[in-house]
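Asker: Supplied structure: start18.pdb, PDB, C-alpha atoms, pLDDT in the B column.
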```pdb
ATOM      1  CA  MET A   1      13.464   1.852  11.760  1.00 51.00           C
ATOM      2  CA  SER A   2      13.069  -1.829  10.877  1.00 60.00           C
ATOM      3  CA  TYR A   3       9.722  -2.822   9.424  1.00 81.00           C
ATOM      4  CA  PHE A   4       9.087  -6.478  10.220  1.00 89.00           C
ATOM      5  CA  ILE A   5       6.941  -8.441   7.821  1.00 95.00           C
ATOM      6  CA  SER A   6       6.279 -12.164   7.459  1.00 97.00           C
ATOM      7  CA  LYS A   7       4.072 -14.373   5.319  1.00 97.00           C
ATOM      8  CA  ASP A   8       1.459 -13.993   8.082  1.00 98.00           C
ATOM      9  CA  THR A   9       1.368 -10.191   7.846  1.00 98.00           C
ATOM     10  CA  PHE A  10      -1.900  -8.907   6.387  1.00 98.00           C
ATOM     11  CA  LEU A  11      -2.054  -6.367   3.565  1.00 98.00           C
ATOM     12  CA  ILE A  12      -4.675  -4.011   2.163  1.00 98.00           C
ATOM     13  CA  SER A  13      -4.796  -0.559   0.595  1.00 98.00           C
ATOM     14  CA  ASP A  14      -7.055   2.375  -0.241  1.00 98.00           C
ATOM     15  CA  SER A  15      -9.697   1.958   2.445  1.00 98.00           C
ATOM     16  CA  HIS A  16     -10.671   5.635   2.043  1.00 98.00           C
ATOM     17  CA  PHE A  17     -12.670   5.570   5.285  1.00 98.00           C
ATOM     18  CA  GLY A  18     -15.126   8.473   5.355  1.00 97.00           C
ATOM     19  CA  HIS A  19     -14.659   9.306   1.674  1.00 97.00           C
ATOM     20  CA  GLN A  20     -17.999   9.742  -0.083  1.00 95.00           C
ATOM     21  CA  ALA A  21     -16.427  10.425  -3.485  1.00 96.00           C
ATOM     22  CA  ALA A  22     -14.813   6.972  -3.425  1.00 97.00           C
ATOM     23  CA  LEU A  23     -18.300   5.436  -3.195  1.00 96.00           C
ATOM     24  CA  LEU A  24     -19.255   7.188  -6.430  1.00 96.00           C
ATOM     25  CA  LYS A  25     -16.011   6.344  -8.204  1.00 96.00           C
ATOM     26  CA  GLU A  26     -16.115   2.683  -7.119  1.00 97.00           C
ATOM     27  CA  PRO A  27     -19.783   1.524  -7.028  1.00 97.00           C
ATOM     28  CA  ILE A  28     -18.627  -1.944  -5.932  1.00 97.00           C
ATOM     29  CA  ARG A  29     -18.084  -0.480  -2.461  1.00 98.00           C
ATOM     30  CA  ALA A  30     -21.734   0.236  -1.677  1.00 97.00           C
ATOM     31  CA  LYS A  31     -22.872  -2.837  -3.597  1.00 97.00           C
ATOM     32  CA  SER A  32     -20.605  -5.153  -1.590  1.00 98.00           C
ATOM     33  CA  ALA A  33     -21.708  -3.571   1.677  1.00 98.00           C
ATOM     34  CA  LEU A  34     -25.393  -4.074   0.816  1.00 98.00           C
ATOM     35  CA  LEU A  35     -24.790  -7.695  -0.214  1.00 97.00           C
ATOM     36  CA  HIS A  36     -23.381  -8.314   3.264  1.00 97.00           C
ATOM     37  CA  GLY A  37     -26.276  -6.549   5.004  1.00 98.00           C
ATOM     38  CA  PHE A  38     -24.610  -3.185   5.650  1.00 98.00           C
ATOM     39  CA  LYS A  39     -25.998   0.185   4.615  1.00 96.00           C
ATOM     40  CA  ASP A  40     -22.833   1.994   5.685  1.00 97.00           C
ATOM     41  CA  PHE A  41     -19.649   1.156   3.777  1.00 97.00           C
ATOM     42  CA  ASP A  42     -17.281   2.053   6.619  1.00 98.00           C
ATOM     43  CA  GLU A  43     -19.138  -0.255   9.012  1.00 98.00           C
ATOM     44  CA  PHE A  44     -18.890  -3.013   6.419  1.00 98.00           C
ATOM     45  CA  SER A  45     -15.194  -2.388   5.849  1.00 98.00           C
ATOM     46  CA  VAL A  46     -14.426  -2.437   9.577  1.00 98.00           C
ATOM     47  CA  ALA A  47     -16.367  -5.677   9.990  1.00 98.00           C
ATOM     48  CA  MET A  48     -14.455  -7.347   7.145  1.00 98.00           C
ATOM     49  CA  TRP A  49     -11.132  -6.153   8.611  1.00 98.00           C
ATOM     50  CA  ASN A  50     -11.913  -7.345  12.131  1.00 98.00           C
ATOM     51  CA  ASN A  51     -13.299 -10.675  10.951  1.00 98.00           C
ATOM     52  CA  ALA A  52      -9.965 -11.339   9.235  1.00 98.00           C
ATOM     53  CA  LEU A  53      -7.608 -10.047  11.924  1.00 98.00           C
ATOM     54  CA  SER A  54      -7.290 -10.674  15.646  1.00 97.00           C
ATOM     55  CA  PRO A  55      -5.866  -7.912  17.867  1.00 97.00           C
ATOM     56  CA  LYS A  56      -2.552  -9.818  17.837  1.00 96.00           C
ATOM     57  CA  ASP A  57      -2.157  -9.792  14.047  1.00 97.00           C
ATOM     58  CA  THR A  58      -0.069  -7.338  12.020  1.00 97.00           C
ATOM     59  CA  ILE A  59      -1.271  -5.478   8.936  1.00 98.00           C
ATOM     60  CA  TRP A  60       0.348  -3.103   6.454  1.00 98.00           C
ATOM     61  CA  HIS A  61      -1.982  -0.559   4.859  1.00 98.00           C
ATOM     62  CA  LEU A  62      -0.491   0.706   1.601  1.00 98.00           C
ATOM     63  CA  GLY A  63      -1.921   4.190   1.570  1.00 98.00           C
ATOM     64  CA  ASP A  64      -5.020   6.379   1.258  1.00 98.00           C
ATOM     65  CA  LEU A  65      -6.419   5.467   4.628  1.00 98.00           C
ATOM     66  CA  TYR A  66      -9.144   8.011   5.475  1.00 98.00           C
ATOM     67  CA  PHE A  67     -10.846  11.316   4.654  1.00 97.00           C
ATOM     68  CA  GLY A  68     -12.649  13.790   6.908  1.00 95.00           C
ATOM     69  CA  SER A  69     -14.430  12.086   9.799  1.00 94.00           C
ATOM     70  CA  GLY A  70     -13.085   8.713   8.676  1.00 96.00           C
ATOM     71  CA  TYR A  71     -10.414   9.064  11.361  1.00 97.00           C
ATOM     72  CA  LYS A  72     -13.047   7.898  13.875  1.00 96.00           C
ATOM     73  CA  VAL A  73     -12.859   4.419  12.375  1.00 97.00           C
ATOM     74  CA  LEU A  74      -9.146   3.911  12.969  1.00 97.00           C
ATOM     75  CA  LYS A  75      -9.357   3.030  16.669  1.00 96.00           C
ATOM     76  CA  LYS A  76     -11.880   0.274  15.893  1.00 97.00           C
ATOM     77  CA  LEU A  77      -9.514  -1.728  13.677  1.00 98.00           C
ATOM     78  CA  ASN A  78      -7.831  -4.870  14.999  1.00 98.00           C
ATOM     79  CA  GLY A  79      -4.114  -5.496  14.794  1.00 97.00           C
ATOM     80  CA  THR A  80      -0.756  -3.788  14.935  1.00 96.00           C
ATOM     81  CA  LYS A  81      -0.927  -1.474  11.943  1.00 97.00           C
ATOM     82  CA  LEU A  82       1.613   0.167   9.628  1.00 97.00           C
ATOM     83  CA  LEU A  83       0.577   2.863   7.150  1.00 98.00           C
ATOM     84  CA  ILE A  84       2.769   3.387   4.100  1.00 98.00           C
ATOM     85  CA  VAL A  85       1.838   6.967   3.252  1.00 98.00           C
ATOM     86  CA  GLY A  86      -0.153   7.437   0.047  1.00 98.00           C
ATOM     87  CA  ASN A  87      -0.845  10.642  -1.844  1.00 98.00           C
ATOM     88  CA  ASN A  88      -4.103  11.229   0.041  1.00 97.00           C
ATOM     89  CA  ASP A  89      -2.476  10.705   3.450  1.00 98.00           C
ATOM     90  CA  ILE A  90      -0.329  13.831   3.196  1.00 97.00           C
ATOM     91  CA  GLY A  91      -1.283  16.181   6.023  1.00 94.00           C
ATOM     92  CA  LYS A  92      -3.066  13.390   7.915  1.00 95.00           C
ATOM     93  CA  TYR A  93      -0.463  10.802   8.838  1.00 95.00           C
ATOM     94  CA  GLU A  94       0.773  12.677  11.936  1.00 94.00           C
ATOM     95  CA  TYR A  95      -2.613  11.945  13.506  1.00 96.00           C
ATOM     96  CA  VAL A  96      -2.234   8.275  12.589  1.00 96.00           C
ATOM     97  CA  ASN A  97       1.287   8.189  14.009  1.00 91.00           C
ATOM     98  CA  GLY A  98      -0.088   9.302  17.355  1.00 93.00           C
ATOM     99  CA  LEU A  99      -2.581   6.461  17.633  1.00 95.00           C
ATOM    100  CA  LYS A 100      -1.922   3.367  19.725  1.00 93.00           C
ATOM    101  CA  HIS A 101      -1.006   0.291  17.646  1.00 94.00           C
ATOM    102  CA  TRP A 102      -0.305   2.427  14.549  1.00 96.00           C
ATOM    103  CA  SER A 103       3.025   3.391  12.956  1.00 96.00           C
ATOM    104  CA  VAL A 104       3.812   5.253   9.742  1.00 97.00           C
ATOM    105  CA  CYS A 105       6.298   4.764   6.888  1.00 96.00           C
ATOM    106  CA  LYS A 106       6.860   8.180   5.317  1.00 95.00           C
ATOM    107  CA  LYS A 107      10.159   7.671   3.495  1.00 96.00           C
ATOM    108  CA  LEU A 108      11.932   5.318   1.111  1.00 97.00           C
ATOM    109  CA  HIS A 109      13.164   2.417   3.264  1.00 97.00           C
ATOM    110  CA  LEU A 110      15.520   0.023   1.480  1.00 97.00           C
ATOM    111  CA  GLN A 111      16.115  -2.866   3.845  1.00 96.00           C
ATOM    112  CA  ILE A 112      18.561  -4.582   1.519  1.00 97.00           C
ATOM    113  CA  PRO A 113      22.391  -4.707   1.418  1.00 97.00           C
ATOM    114  CA  GLU A 114      22.608  -2.331  -1.563  1.00 97.00           C
ATOM    115  CA  SER A 115      20.685   0.436   0.188  1.00 98.00           C
ATOM    116  CA  ARG A 116      23.474   3.001   0.463  1.00 97.00           C
ATOM    117  CA  LEU A 117      24.673   2.555  -3.125  1.00 98.00           C
ATOM    118  CA  ILE A 118      21.151   2.863  -4.499  1.00 98.00           C
ATOM    119  CA  LYS A 119      20.364   5.985  -2.493  1.00 98.00           C
ATOM    120  CA  ASP A 120      23.637   7.638  -3.530  1.00 98.00           C
ATOM    121  CA  TYR A 121      22.824   6.944  -7.181  1.00 98.00           C
ATOM    122  CA  LEU A 122      19.284   8.313  -6.830  1.00 98.00           C
ATOM    123  CA  LYS A 123      20.646  11.549  -5.356  1.00 98.00           C
ATOM    124  CA  GLN A 124      23.106  11.894  -8.225  1.00 98.00           C
ATOM    125  CA  LYS A 125      20.434  11.303 -10.869  1.00 98.00           C
ATOM    126  CA  PHE A 126      17.465  13.170  -9.364  1.00 98.00           C
ATOM    127  CA  GLY A 127      19.152  15.725  -7.075  1.00 97.00           C
ATOM    128  CA  LYS A 128      20.317  15.711  -3.478  1.00 95.00           C
ATOM    129  CA  GLU A 129      16.805  16.539  -2.206  1.00 97.00           C
ATOM    130  CA  ALA A 130      15.168  13.709  -4.179  1.00 97.00           C
ATOM    131  CA  LEU A 131      14.744  11.338  -1.244  1.00 97.00           C
ATOM    132  CA  LYS A 132      12.881  14.029   0.713  1.00 97.00           C
ATOM    133  CA  ASN A 133       9.961  14.001  -1.739  1.00 98.00           C
ATOM    134  CA  ILE A 134       6.848  13.664   0.426  1.00 98.00           C
ATOM    135  CA  TYR A 135       5.251  11.243  -2.046  1.00 98.00           C
ATOM    136  CA  LEU A 136       8.258   8.892  -2.124  1.00 98.00           C
ATOM    137  CA  ASN A 137       7.219   6.294   0.450  1.00 98.00           C
ATOM    138  CA  ALA A 138       7.996   2.597   0.162  1.00 98.00           C
ATOM    139  CA  VAL A 139       9.681  -0.389   1.775  1.00 98.00           C
ATOM    140  CA  VAL A 140      11.932  -2.811  -0.118  1.00 98.00           C
ATOM    141  CA  ARG A 141      12.671  -6.150   1.547  1.00 97.00           C
ATOM    142  CA  ASP A 142      13.758  -9.677   0.705  1.00 97.00           C
ATOM    143  CA  ILE A 143      11.061 -12.090   1.856  1.00 97.00           C
ATOM    144  CA  GLU A 144       9.634 -15.452   0.836  1.00 94.00           C
ATOM    145  CA  GLY A 145      12.144 -15.808  -1.999  1.00 96.00           C
ATOM    146  CA  GLU A 146      11.231 -12.446  -3.543  1.00 97.00           C
ATOM    147  CA  ARG A 147      12.619  -8.929  -3.417  1.00 98.00           C
ATOM    148  CA  ILE A 148       9.452  -6.934  -2.914  1.00 98.00           C
ATOM    149  CA  MET A 149       8.734  -3.234  -3.091  1.00 98.00           C
ATOM    150  CA  PHE A 150       5.729  -2.351  -0.926  1.00 98.00           C
ATOM    151  CA  SER A 151       4.364   1.036  -2.030  1.00 98.00           C
ATOM    152  CA  HIS A 152       1.202   3.007  -2.572  1.00 98.00           C
ATOM    153  CA  PHE A 153       1.906   3.832  -6.207  1.00 98.00           C
ATOM    154  CA  PRO A 154       2.427   0.976  -8.674  1.00 98.00           C
ATOM    155  CA  VAL A 155       5.684   1.156 -10.610  1.00 98.00           C
ATOM    156  CA  PHE A 156       5.739   1.780 -14.372  1.00 97.00           C
ATOM    157  CA  ASN A 157       2.077   2.805 -14.529  1.00 95.00           C
ATOM    158  CA  ARG A 158       0.690   6.332 -14.583  1.00 89.00           C
ATOM    159  CA  LYS A 159      -1.346   8.948 -16.374  1.00 86.00           C
ATOM    160  CA  ALA A 160       0.292  11.025 -19.112  1.00 86.00           C
ATOM    161  CA  ARG A 161       0.391  14.113 -16.869  1.00 90.00           C
ATOM    162  CA  ASP A 162       0.644  12.506 -13.459  1.00 93.00           C
ATOM    163  CA  ARG A 163       1.189  15.211 -10.838  1.00 94.00           C
ATOM    164  CA  PHE A 164       3.259  12.795  -8.758  1.00 96.00           C
ATOM    165  CA  ALA A 165       5.543  12.007 -11.698  1.00 96.00           C
ATOM    166  CA  HIS A 166       8.811  13.042 -10.041  1.00 96.00           C
ATOM    167  CA  ALA A 167       8.300  10.813  -7.005  1.00 98.00           C
ATOM    168  CA  ARG A 168       7.145   7.998  -9.251  1.00 98.00           C
ATOM    169  CA  ASP A 169      10.173   8.352 -11.531  1.00 98.00           C
ATOM    170  CA  ILE A 170      12.366   7.805  -8.468  1.00 98.00           C
ATOM    171  CA  LEU A 171      10.220   4.871  -7.370  1.00 98.00           C
ATOM    172  CA  ASP A 172      10.503   3.249 -10.809  1.00 98.00           C
ATOM    173  CA  GLU A 173      14.269   3.733 -10.832  1.00 98.00           C
ATOM    174  CA  THR A 174      14.555   2.258  -7.343  1.00 98.00           C
ATOM    175  CA  PHE A 175      12.603  -0.813  -8.414  1.00 98.00           C
ATOM    176  CA  LYS A 176      15.052  -1.352 -11.296  1.00 98.00           C
ATOM    177  CA  LEU A 177      18.227  -0.623  -9.323  1.00 98.00           C
ATOM    178  CA  ALA A 178      17.190  -2.899  -6.460  1.00 98.00           C
ATOM    179  CA  GLN A 179      16.301  -5.610  -8.980  1.00 98.00           C
ATOM    180  CA  CYS A 180      12.934  -6.129  -7.285  1.00 98.00           C
ATOM    181  CA  SER A 181      10.926  -9.103  -8.462  1.00 98.00           C
ATOM    182  CA  LEU A 182       7.542  -7.820  -7.274  1.00 98.00           C
ATOM    183  CA  ASN A 183       5.745  -4.597  -6.466  1.00 98.00           C
ATOM    184  CA  ILE A 184       2.832  -4.926  -4.025  1.00 98.00           C
ATOM    185  CA  HIS A 185       0.851  -1.682  -4.235  1.00 98.00           C
ATOM    186  CA  GLY A 186      -2.472   0.121  -4.043  1.00 98.00           C
ATOM    187  CA  HIS A 187      -3.688   3.370  -5.679  1.00 98.00           C
ATOM    188  CA  LEU A 188      -5.465   1.752  -8.651  1.00 98.00           C
ATOM    189  CA  HIS A 189      -8.557   0.546  -6.774  1.00 98.00           C
ATOM    190  CA  SER A 190     -10.413  -1.849  -9.111  1.00 97.00           C
ATOM    191  CA  LYS A 191      -7.989  -1.332 -12.026  1.00 96.00           C
ATOM    192  CA  GLU A 192      -4.826  -3.283 -12.836  1.00 94.00           C
ATOM    193  CA  SER A 193      -1.385  -1.947 -13.723  1.00 95.00           C
ATOM    194  CA  GLY A 194      -0.928  -4.283 -16.676  1.00 94.00           C
ATOM    195  CA  ASN A 195       2.435  -5.504 -15.354  1.00 96.00           C
ATOM    196  CA  ASP A 196       2.729  -9.119 -14.195  1.00 95.00           C
ATOM    197  CA  PHE A 197       5.260  -8.138 -11.513  1.00 97.00           C
ATOM    198  CA  CYS A 198       2.722  -5.844  -9.853  1.00 98.00           C
ATOM    199  CA  ILE A 199       0.128  -7.043  -7.323  1.00 98.00           C
ATOM    200  CA  ASN A 200      -2.734  -4.664  -6.552  1.00 98.00           C
ATOM    201  CA  VAL A 201      -3.957  -5.011  -2.944  1.00 98.00           C
ATOM    202  CA  SER A 202      -6.482  -2.169  -3.102  1.00 98.00           C
ATOM    203  CA  CYS A 203      -9.482  -3.218  -1.020  1.00 98.00           C
ATOM    204  CA  GLU A 204     -11.687  -3.584  -4.112  1.00 98.00           C
ATOM    205  CA  LYS A 205      -9.293  -6.244  -5.439  1.00 98.00           C
ATOM    206  CA  LEU A 206      -9.299  -8.153  -2.143  1.00 98.00           C
ATOM    207  CA  GLY A 207     -13.060  -8.174  -1.694  1.00 97.00           C
ATOM    208  CA  PHE A 208     -12.534  -5.676   1.161  1.00 98.00           C
ATOM    209  CA  ILE A 209     -10.918  -8.449   3.233  1.00 98.00           C
ATOM    210  CA  PRO A 210      -7.258  -8.065   4.264  1.00 98.00           C
ATOM    211  CA  ARG A 211      -5.148 -10.977   3.015  1.00 98.00           C
ATOM    212  CA  THR A 212      -1.838 -12.307   4.303  1.00 98.00           C
ATOM    213  CA  LEU A 213       1.333 -11.882   2.315  1.00 98.00           C
ATOM    214  CA  GLY A 214       1.525 -15.675   2.079  1.00 98.00           C
ATOM    215  CA  GLU A 215      -1.952 -15.862   0.530  1.00 98.00           C
ATOM    216  CA  ILE A 216      -1.214 -13.036  -1.881  1.00 98.00           C
ATOM    217  CA  LEU A 217       2.055 -14.569  -3.083  1.00 98.00           C
ATOM    218  CA  HIS A 218       0.470 -18.006  -3.444  1.00 96.00           C
ATOM    219  CA  SER A 219      -2.361 -16.595  -5.575  1.00 95.00           C
ATOM    220  CA  HIS A 220       0.063 -14.588  -7.691  1.00 94.00           C
ATOM    221  CA  ARG A 221       2.373 -17.540  -8.328  1.00 91.00           C
ATOM    222  CA  LYS A 222      -0.569 -19.764  -9.181  1.00 88.00           C
ATOM    223  CA  LYS A 223      -1.875 -17.197 -11.666  1.00 82.00           C
ATOM    224  CA  ARG A 224       1.575 -16.677 -13.171  1.00 78.00           C
ATOM    225  CA  SER A 225       2.047 -20.434 -13.563  1.00 75.00           C
ATOM    226  CA  PHE A 226      -1.364 -20.722 -15.240  1.00 71.00           C
ATOM    227  CA  ASP A 227      -0.609 -17.818 -17.611  1.00 71.00           C
ATOM    228  CA  ASP A 228       2.708 -19.419 -18.584  1.00 62.00           C
TER     229      ASP A 228
END
```
Using structure tokens, write down the structure that the file contains.
Answerer:
Amino acid sequence: MSYFISKDTFLISDSHFGHQAALLKEPIRAKSALLHGFKDFDEFSVAMWNNALSPKDTIWHLGDLYFGSGYKVLKKLNGTKLLIVGNNDIGKYEYVNGLKHWSVCKKLHLQIPESRLIKDYLKQKFGKEALKNIYLNAVVRDIEGERIMFSHFPVFNRKARDRFAHARDILDETFKLAQCSLNIHGHLHSKESGNDFCINVSCEKLGFIPRTLGEILHSHRKKRSFDD
């Protein structure tokens, strides 16, 4: 499958629709909703999404989409939508895949000339079943002068005893082998990876408003130029 993306494609991650624990872990969620006149975070999040996107726009959601009854929200969201499966989407993405205007990325998709060589190497290093790891989901593409890995997990950032370590080891190795210049990711919510080649598009970092790839790259390059 070919995943089309342009500078006009919107991005966001970690919406966690219907997830009450996320409201406790990230107090900025309820606070932001109240500041915009919403008592319900999901209603706020849907409003921000639909204010940014028309039904004709395309958006990539980089994982951890919904919990429990949060599935009811999905049909309300504007746009043609791609979910790159995150750790909390396991066991749920088949429902998403069946929805109109939704598709799902549930594997490692290297849309670059070196794809076959890289995958052969990964199998040799990590085992022939390595690429079947259910947590190994990402897209690598050349776009806007960058080679970008789009993934849920950030590369080269994890807890000491991360239970997804094997999948993330493969992801890190892929990033190096493909000579990616950027990793656009989620998973960290309001935290940062600490790596200047990583861009966190978790909804907390975007003010709960999906942003286009063009906007995200422009902001990143501006920040990098300022830091230099």
Asker: Translate the PyMOL selection byres ((chain A and resi 149) around 8) into a concrete residue list for this structure, as a list in words.
Answerer: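 Against this file, the PyMOL selection byres ((chain A and resi 149) around 8) returns the residues Ala138, Val139, Val140, Arg141, Arg147, Ile148, Phe150, Ser151, Phe175, Cys180, Leu182, Asn183 and Ile184 of chain A.
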Asker: Run the PyMOL selection byres ((chain A and resi 41-56) around 6) against the file shown and list the residues it catches, as an NGL selection string.
Answerer: :A and (17 or 30 or 33 or 38 or 40 or 57 or 78-79 or 209)
Asker: Mind giving me the straight-line distance from atom CA of A:Gly214 to atom CA of A:Thr9 in Å, one decimal?
Answerer: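 Atom-to-atom, atom CA of A:Gly214 to atom CA of A:Thr9, that is 8.0 Å.
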Asker: Given all atoms listed in the file, how would the per-residue table for stretch 69-102 of chain A near stretch 107-117 of chain A read, listing every residue at most 12 Å away with its closest atom pair and distance in Å to one decimal, sorted by chain and number, as a tab-separated table?
Answerer:
```
residue	atom	partner	partner_atom	distance
A:Leu83	CA	A:Lys107	CA	11.3
A:Ile84	CA	A:Lys107	CA	8.6
A:Val85	CA	A:Lys107	CA	8.4
A:Gly86	CA	A:Lys107	CA	10.9
```
Asker: Report as a PDB file with C-alpha atoms, in the coordinates of the input the residues that result from applying the PyMOL selection byres ((chain A and resi 71) around 12) to the structure here.
Answerer:
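Just written: selection.pdb:
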```pdb
ATOM      1  CA  SER A  15      -9.697   1.958   2.445  1.00 98.00           C
ATOM      2  CA  HIS A  16     -10.671   5.635   2.043  1.00 98.00           C
ATOM      3  CA  PHE A  17     -12.670   5.570   5.285  1.00 98.00           C
ATOM      4  CA  GLY A  18     -15.126   8.473   5.355  1.00 97.00           C
ATOM      5  CA  HIS A  19     -14.659   9.306   1.674  1.00 97.00           C
ATOM      6  CA  ASP A  42     -17.281   2.053   6.619  1.00 98.00           C
ATOM      7  CA  ASP A  64      -5.020   6.379   1.258  1.00 98.00           C
ATOM      8  CA  LEU A  65      -6.419   5.467   4.628  1.00 98.00           C
ATOM      9  CA  TYR A  66      -9.144   8.011   5.475  1.00 98.00           C
ATOM     10  CA  PHE A  67     -10.846  11.316   4.654  1.00 97.00           C
ATOM     11  CA  GLY A  68     -12.649  13.790   6.908  1.00 95.00           C
ATOM     12  CA  SER A  69     -14.430  12.086   9.799  1.00 94.00           C
ATOM     13  CA  GLY A  70     -13.085   8.713   8.676  1.00 96.00           C
ATOM     14  CA  LYS A  72     -13.047   7.898  13.875  1.00 96.00           C
ATOM     15  CA  VAL A  73     -12.859   4.419  12.375  1.00 97.00           C
ATOM     16  CA  LEU A  74      -9.146   3.911  12.969  1.00 97.00           C
ATOM     17  CA  LYS A  75      -9.357   3.030  16.669  1.00 96.00           C
ATOM     18  CA  LYS A  76     -11.880   0.274  15.893  1.00 97.00           C
ATOM     19  CA  LEU A  77      -9.514  -1.728  13.677  1.00 98.00           C
ATOM     20  CA  ASP A  89      -2.476  10.705   3.450  1.00 98.00           C
ATOM     21  CA  LYS A  92      -3.066  13.390   7.915  1.00 95.00           C
ATOM     22  CA  TYR A  93      -0.463  10.802   8.838  1.00 95.00           C
ATOM     23  CA  GLU A  94       0.773  12.677  11.936  1.00 94.00           C
ATOM     24  CA  TYR A  95      -2.613  11.945  13.506  1.00 96.00           C
ATOM     25  CA  VAL A  96      -2.234   8.275  12.589  1.00 96.00           C
ATOM     26  CA  GLY A  98      -0.088   9.302  17.355  1.00 93.00           C
ATOM     27  CA  LEU A  99      -2.581   6.461  17.633  1.00 95.00           C
TER      28      LEU A  99
END
```
Asker: Using atom CA of A:Leu217 and atom CA of A:Ile143 as the two end points, give the distance in Å to one decimal.
Answerer: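 Computing the Euclidean distance for atom CA of A:Leu217 and atom CA of A:Ile143 yields 10.6 Å.
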Asker: Would you please work out which residue, of A:Leu11, A:Leu136, A:Leu35, A:Val155, is nearest to A:Glu192 when using only C-alpha atoms?
Answerer: A:Val155
Asker: So the first atom is atom CA of A:Val201 and the second is atom CA of A:Tyr135; what is the distance between them in Å, to one decimal place?
Answerer: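 A separation of 18.7 Å between them.
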Asker: How would stretch 65-70 of chain A look with all heavy atoms restored, written as a PDB file, keeping the file's coordinate frame?
Answerer:
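Resulting contents of selection21.pdb:
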```pdb
ATOM      1  N   LEU A  65      -5.735   6.099   3.504  1.00 98.00           N
ATOM      2  CA  LEU A  65      -6.419   5.467   4.628  1.00 98.00           C
ATOM      3  C   LEU A  65      -7.785   6.074   4.928  1.00 98.00           C
ATOM      4  O   LEU A  65      -8.780   5.349   5.057  1.00 98.00           O
ATOM      5  CB  LEU A  65      -5.525   5.546   5.869  1.00 98.00           C
ATOM      6  CG  LEU A  65      -6.022   4.918   7.156  1.00 98.00           C
ATOM      7  CD1 LEU A  65      -6.283   3.432   6.976  1.00 98.00           C
ATOM      8  CD2 LEU A  65      -5.004   5.150   8.277  1.00 98.00           C
ATOM      9  N   TYR A  66      -7.856   7.416   5.084  1.00 98.00           N
ATOM     10  CA  TYR A  66      -9.144   8.011   5.475  1.00 98.00           C
ATOM     11  C   TYR A  66      -9.271   9.447   4.972  1.00 98.00           C
ATOM     12  O   TYR A  66      -8.299  10.094   4.589  1.00 98.00           O
ATOM     13  CB  TYR A  66      -9.306   7.991   6.992  1.00 98.00           C
ATOM     14  CG  TYR A  66      -8.500   9.049   7.724  1.00 98.00           C
ATOM     15  CD1 TYR A  66      -9.064  10.292   8.031  1.00 98.00           C
ATOM     16  CD2 TYR A  66      -7.190   8.817   8.137  1.00 98.00           C
ATOM     17  CE1 TYR A  66      -8.343  11.269   8.705  1.00 98.00           C
ATOM     18  CE2 TYR A  66      -6.462   9.776   8.805  1.00 98.00           C
ATOM     19  CZ  TYR A  66      -7.039  11.006   9.091  1.00 98.00           C
ATOM     20  OH  TYR A  66      -6.305  11.975   9.745  1.00 98.00           O
ATOM     21  N   PHE A  67     -10.507   9.936   4.993  1.00 97.00           N
ATOM     22  CA  PHE A  67     -10.846  11.316   4.654  1.00 97.00           C
ATOM     23  C   PHE A  67     -11.777  11.849   5.731  1.00 97.00           C
ATOM     24  O   PHE A  67     -12.606  11.105   6.272  1.00 97.00           O
ATOM     25  CB  PHE A  67     -11.554  11.396   3.295  1.00 97.00           C
ATOM     26  CG  PHE A  67     -10.647  11.256   2.115  1.00 97.00           C
ATOM     27  CD1 PHE A  67     -10.058  10.039   1.824  1.00 97.00           C
ATOM     28  CD2 PHE A  67     -10.385  12.337   1.294  1.00 97.00           C
ATOM     29  CE1 PHE A  67      -9.225   9.895   0.731  1.00 97.00           C
ATOM     30  CE2 PHE A  67      -9.549  12.209   0.193  1.00 97.00           C
ATOM     31  CZ  PHE A  67      -8.970  10.984  -0.084  1.00 97.00           C
ATOM     32  N   GLY A  68     -11.703  13.139   6.001  1.00 95.00           N
ATOM     33  CA  GLY A  68     -12.649  13.790   6.908  1.00 95.00           C
ATOM     34  C   GLY A  68     -12.844  13.052   8.220  1.00 95.00           C
ATOM     35  O   GLY A  68     -11.887  12.725   8.929  1.00 95.00           O
ATOM     36  N   SER A  69     -14.106  12.742   8.532  1.00 94.00           N
ATOM     37  CA  SER A  69     -14.430  12.086   9.799  1.00 94.00           C
ATOM     38  C   SER A  69     -14.073  10.609   9.814  1.00 94.00           C
ATOM     39  O   SER A  69     -14.311   9.920  10.809  1.00 94.00           O
ATOM     40  CB  SER A  69     -15.920  12.254  10.111  1.00 94.00           C
ATOM     41  OG  SER A  69     -16.704  11.638   9.103  1.00 94.00           O
ATOM     42  N   GLY A  70     -13.492  10.111   8.727  1.00 96.00           N
ATOM     43  CA  GLY A  70     -13.085   8.713   8.676  1.00 96.00           C
ATOM     44  C   GLY A  70     -12.057   8.340   9.719  1.00 96.00           C
ATOM     45  O   GLY A  70     -11.864   7.155  10.014  1.00 96.00           O
TER      46      GLY A  70
END
```
